[in-house]
Amino acid sequence: MTLDYVFPVDEYLLLGKIAKAHGLHGELKIFLYSGQPENIAEYDELLLVDRNGVISVPLAILKSRVQGKAVIIQLASIANRTQAEKVEDYGVLLARKNLAAIGDNEYYWHQYQDKLVVDLEGNIVGRVDHLFSNSAQDILVIKAGKEEILIPVTKDILVGEADGTLIVDPPPGLIEINSNSDN
């Protein structure tokens with residue numbers, strides 16, 4: 001997802017992308033990668049980035065509402081459908097400095113991105129490629145060579161973190177059952 005847009009990843013997070021213009025007054029339908037569109041209400045402003053890496057100035061969120069798995073937002077300076085159509089397929093960024101504080105036992109998905117994953121014995125499982133939510137819990141998608149392994153993020157399975165490495169204690173067979181290997 002991040003590879004679709006060019007931007008300084010140390011300064012910004014890619015929240016999602018603009019799916020299409022919505023209505024006549026400049027509203028935008030945005031697909032958020034987190035699967036939690038209600039979270040957009042936590043932010044005051046967003047930035048847009050095109051596929052060439054051109055980043056907008058911060059745009060205030062004037063209003064937002066959830067629509068299924070997407071969110072409809074009105075951003076400052078996008079006042080009509082023509083302007084909204086010009087930013088279709090743009091990425092939606094949030095400045096990292098504007099992230100809300102999180103509590104104990106909470107995390108942002110980007111904090112697990114690209115982390116090495118090992119089991120309790122120190123065996124390498126793979127590296128976190130991305131996460132998604134299945135409504136019950138978040139799922140780590142781990143790349144191990146050509147394999148993709150799915151591991152639920154629960155306190156019983158994701159048991160720790162040390163030196164930038166995630167430590168998992170999966171039940172017997174979980175890794176084999178959730179890998180896409182034909183073996």
# chains A, B, ... in the order shown; residues from 1 in each chain; ligands from 1
call {"tool": "residues_around", "arguments": {"residues": "His25 in chain A", "least_positions_apart": "2", "cutoff": "8 Å", "atoms": "only C-alpha atoms", "output": "VMD selection string"}}
result
chain A and resid 22 to 23 27 79 to 81
call {"tool": "closest_atom_pairs", "arguments": {"of": "range 4-89 of chain A", "to": "range 95-98 of chain A", "cutoff": "9 Å", "atoms": "only C-alpha atoms", "output": "tab-separated table"}}
result
residue	atom	partner	partner_atom	distance
A:Val9	CA	A:Arg96	CA	8.9
A:Asp10	CA	A:Arg96	CA	7.7
A:Glu11	CA	A:Arg96	CA	5.6
A:Tyr12	CA	A:Ala95	CA	4.4
A:Leu13	CA	A:Arg96	CA	6.3
A:Tyr43	CA	A:Asn98	CA	7.5
A:Asp44	CA	A:Asn98	CA	8.6
A:Glu45	CA	A:Asn98	CA	8.7
A:Leu46	CA	A:Ala95	CA	7.5
A:Leu47	CA	A:Ala95	CA	7.8
A:Pro58	CA	A:Ala95	CA	8.9
call {"tool": "select_by_dssp", "arguments": {"residues": "chain A", "states": "strand (DSSP E or B)", "output": "PyMOL selection string"}}
result
chain A and resi 12-22+27-32+45-49+55+59-67+70-75+91-95+116-119+124-133+138-144+147-152+158-162+165-168+179
call {"tool": "write_last_selection", "arguments": {"atoms": "C-alpha atoms", "output": "mmCIF file, in the first residue's frame"}}
result
data_model
loop_
_atom_site.group_PDB
_atom_site.id
_atom_site.type_symbol
_atom_site.label_atom_id
_atom_site.label_comp_id
_atom_site.auth_asym_id
_atom_site.auth_seq_id
_atom_site.Cartn_x
_atom_site.Cartn_y
_atom_site.Cartn_z
ATOM 1 C CA TYR A 12 3.644 10.726 7.470
ATOM 2 C CA LEU A 13 1.415 7.669 7.692
ATOM 3 C CA LEU A 14 -0.677 6.509 4.768
ATOM 4 C CA LEU A 15 -4.208 6.136 6.163
ATOM 5 C CA GLY A 16 -5.968 5.195 2.949
ATOM 6 C CA LYS A 17 -6.922 6.465 -0.461
ATOM 7 C CA ILE A 18 -9.655 8.521 -2.031
ATOM 8 C CA ALA A 19 -12.024 6.174 -3.823
ATOM 9 C CA LYS A 20 -14.151 8.819 -5.535
ATOM 10 C CA ALA A 21 -15.905 12.145 -5.345
ATOM 11 C CA HIS A 22 -19.186 11.984 -3.429
ATOM 12 C CA GLU A 27 -17.148 15.496 -0.383
ATOM 13 C CA LEU A 28 -14.771 12.548 -0.792
ATOM 14 C CA LYS A 29 -15.308 8.846 -0.230
ATOM 15 C CA ILE A 30 -12.191 7.438 1.408
ATOM 16 C CA PHE A 31 -11.222 3.827 1.922
ATOM 17 C CA LEU A 32 -9.129 3.578 5.111
ATOM 18 C CA GLU A 45 -6.420 17.708 9.345
ATOM 19 C CA LEU A 46 -5.113 15.419 6.640
ATOM 20 C CA LEU A 47 -2.809 15.749 3.666
ATOM 21 C CA LEU A 48 -3.220 14.310 0.198
ATOM 22 C CA VAL A 49 -0.468 12.788 -1.931
ATOM 23 C CA ILE A 55 1.910 16.388 -1.059
ATOM 24 C CA LEU A 59 -6.374 20.316 4.858
ATOM 25 C CA ALA A 60 -8.799 20.736 7.738
ATOM 26 C CA ILE A 61 -11.518 18.111 8.067
ATOM 27 C CA LEU A 62 -14.764 20.088 8.064
ATOM 28 C CA LYS A 63 -17.049 17.083 8.561
ATOM 29 C CA SER A 64 -16.999 13.322 8.313
ATOM 30 C CA ARG A 65 -19.368 10.382 8.518
ATOM 31 C CA VAL A 66 -18.974 6.648 8.219
ATOM 32 C CA GLN A 67 -20.547 4.917 5.241
ATOM 33 C CA ALA A 70 -15.543 3.836 4.044
ATOM 34 C CA VAL A 71 -15.789 7.383 5.320
ATOM 35 C CA ILE A 72 -17.238 10.438 3.609
ATOM 36 C CA ILE A 73 -15.310 13.591 4.427
ATOM 37 C CA GLN A 74 -15.394 17.251 3.521
ATOM 38 C CA LEU A 75 -11.945 18.853 3.428
ATOM 39 C CA GLY A 91 -3.399 8.838 -0.953
ATOM 40 C CA VAL A 92 -4.566 10.207 2.389
ATOM 41 C CA LEU A 93 -1.759 11.051 4.807
ATOM 42 C CA LEU A 94 -1.584 11.940 8.470
ATOM 43 C CA ALA A 95 1.433 13.697 9.936
ATOM 44 C CA LEU A 116 10.839 -9.603 12.534
ATOM 45 C CA VAL A 117 8.655 -12.291 14.152
ATOM 46 C CA VAL A 118 10.144 -15.151 16.172
ATOM 47 C CA ASP A 119 8.681 -17.910 18.301
ATOM 48 C CA ILE A 124 12.322 -16.960 12.803
ATOM 49 C CA VAL A 125 8.723 -17.079 11.627
ATOM 50 C CA GLY A 126 9.102 -14.218 9.122
ATOM 51 C CA ARG A 127 8.610 -10.487 8.841
ATOM 52 C CA VAL A 128 5.355 -8.522 9.226
ATOM 53 C CA ASP A 129 4.211 -7.442 5.773
ATOM 54 C CA HIS A 130 0.950 -5.790 6.866
ATOM 55 C CA LEU A 131 -2.034 -6.150 9.171
ATOM 56 C CA PHE A 132 -5.778 -6.326 8.705
ATOM 57 C CA SER A 133 -8.794 -6.676 10.935
ATOM 58 C CA ASP A 138 -6.159 -7.761 14.140
ATOM 59 C CA ILE A 139 -4.215 -10.223 12.012
ATOM 60 C CA LEU A 140 -0.472 -10.063 11.315
ATOM 61 C CA VAL A 141 0.343 -10.994 7.731
ATOM 62 C CA ILE A 142 3.856 -12.381 7.900
ATOM 63 C CA LYS A 143 6.044 -13.033 4.883
ATOM 64 C CA ALA A 144 8.356 -16.014 5.186
ATOM 65 C CA GLU A 147 4.863 -17.959 2.085
ATOM 66 C CA GLU A 148 2.320 -15.733 3.763
ATOM 67 C CA ILE A 149 1.439 -16.658 7.347
ATOM 68 C CA LEU A 150 -1.556 -15.224 9.209
ATOM 69 C CA ILE A 151 -1.274 -14.839 12.978
ATOM 70 C CA PRO A 152 -3.975 -13.270 15.180
ATOM 71 C CA LEU A 158 1.683 -12.173 20.614
ATOM 72 C CA VAL A 159 3.474 -12.497 23.929
ATOM 73 C CA GLY A 160 6.199 -9.887 23.733
ATOM 74 C CA GLU A 161 8.471 -7.528 21.931
ATOM 75 C CA ALA A 162 12.226 -7.224 22.339
ATOM 76 C CA THR A 165 11.267 -8.161 17.246
ATOM 77 C CA LEU A 166 7.799 -9.553 17.926
ATOM 78 C CA ILE A 167 7.683 -12.760 19.960
ATOM 79 C CA VAL A 168 4.807 -15.148 19.301
ATOM 80 C CA SER A 179 0.387 -20.398 5.814
#
call {"tool": "closest_residue", "arguments": {"among": "A:Lys115, A:Lys155, A:Lys69, A:Lys146", "to": "Asn39 in chain A", "atoms": "only C-alpha atoms"}}
result
A:Lys69
call {"tool": "closest_residue", "arguments": {"among": "A:Asp169, A:Asp50, A:Glu38, A:Glu176", "to": "Asn123 in chain A", "atoms": "only C-alpha atoms"}}
result
A:Asp169
call {"tool": "residues_around", "arguments": {"residues": "Glu106 in chain A", "least_positions_apart": "3", "cutoff": "12 Å", "atoms": "only C-alpha atoms", "output": "PyMOL selection string"}}
result
chain A and resi 100-103+109+111-112+138+153-155
call {"tool": "select_by_dssp", "arguments": {"residues": "chain A", "states": "helix (DSSP H, G or I)", "output": "number ranges by chain"}}
result
A: 2-4, 37-42, 81-86, 96-98, 109-111, 174-178
call {"tool": "closest_residue", "arguments": {"among": "A:Thr82, A:Val87, A:Pro37, A:Pro171", "to": "Asp156 in chain A", "atoms": "only C-alpha atoms"}}
result
A:Pro171
call {"tool": "atom_distance", "arguments": {"atom1": "CA of Ser34 in chain A", "atom2": "CA of Lys86 in chain A"}}
result
24.3 Å
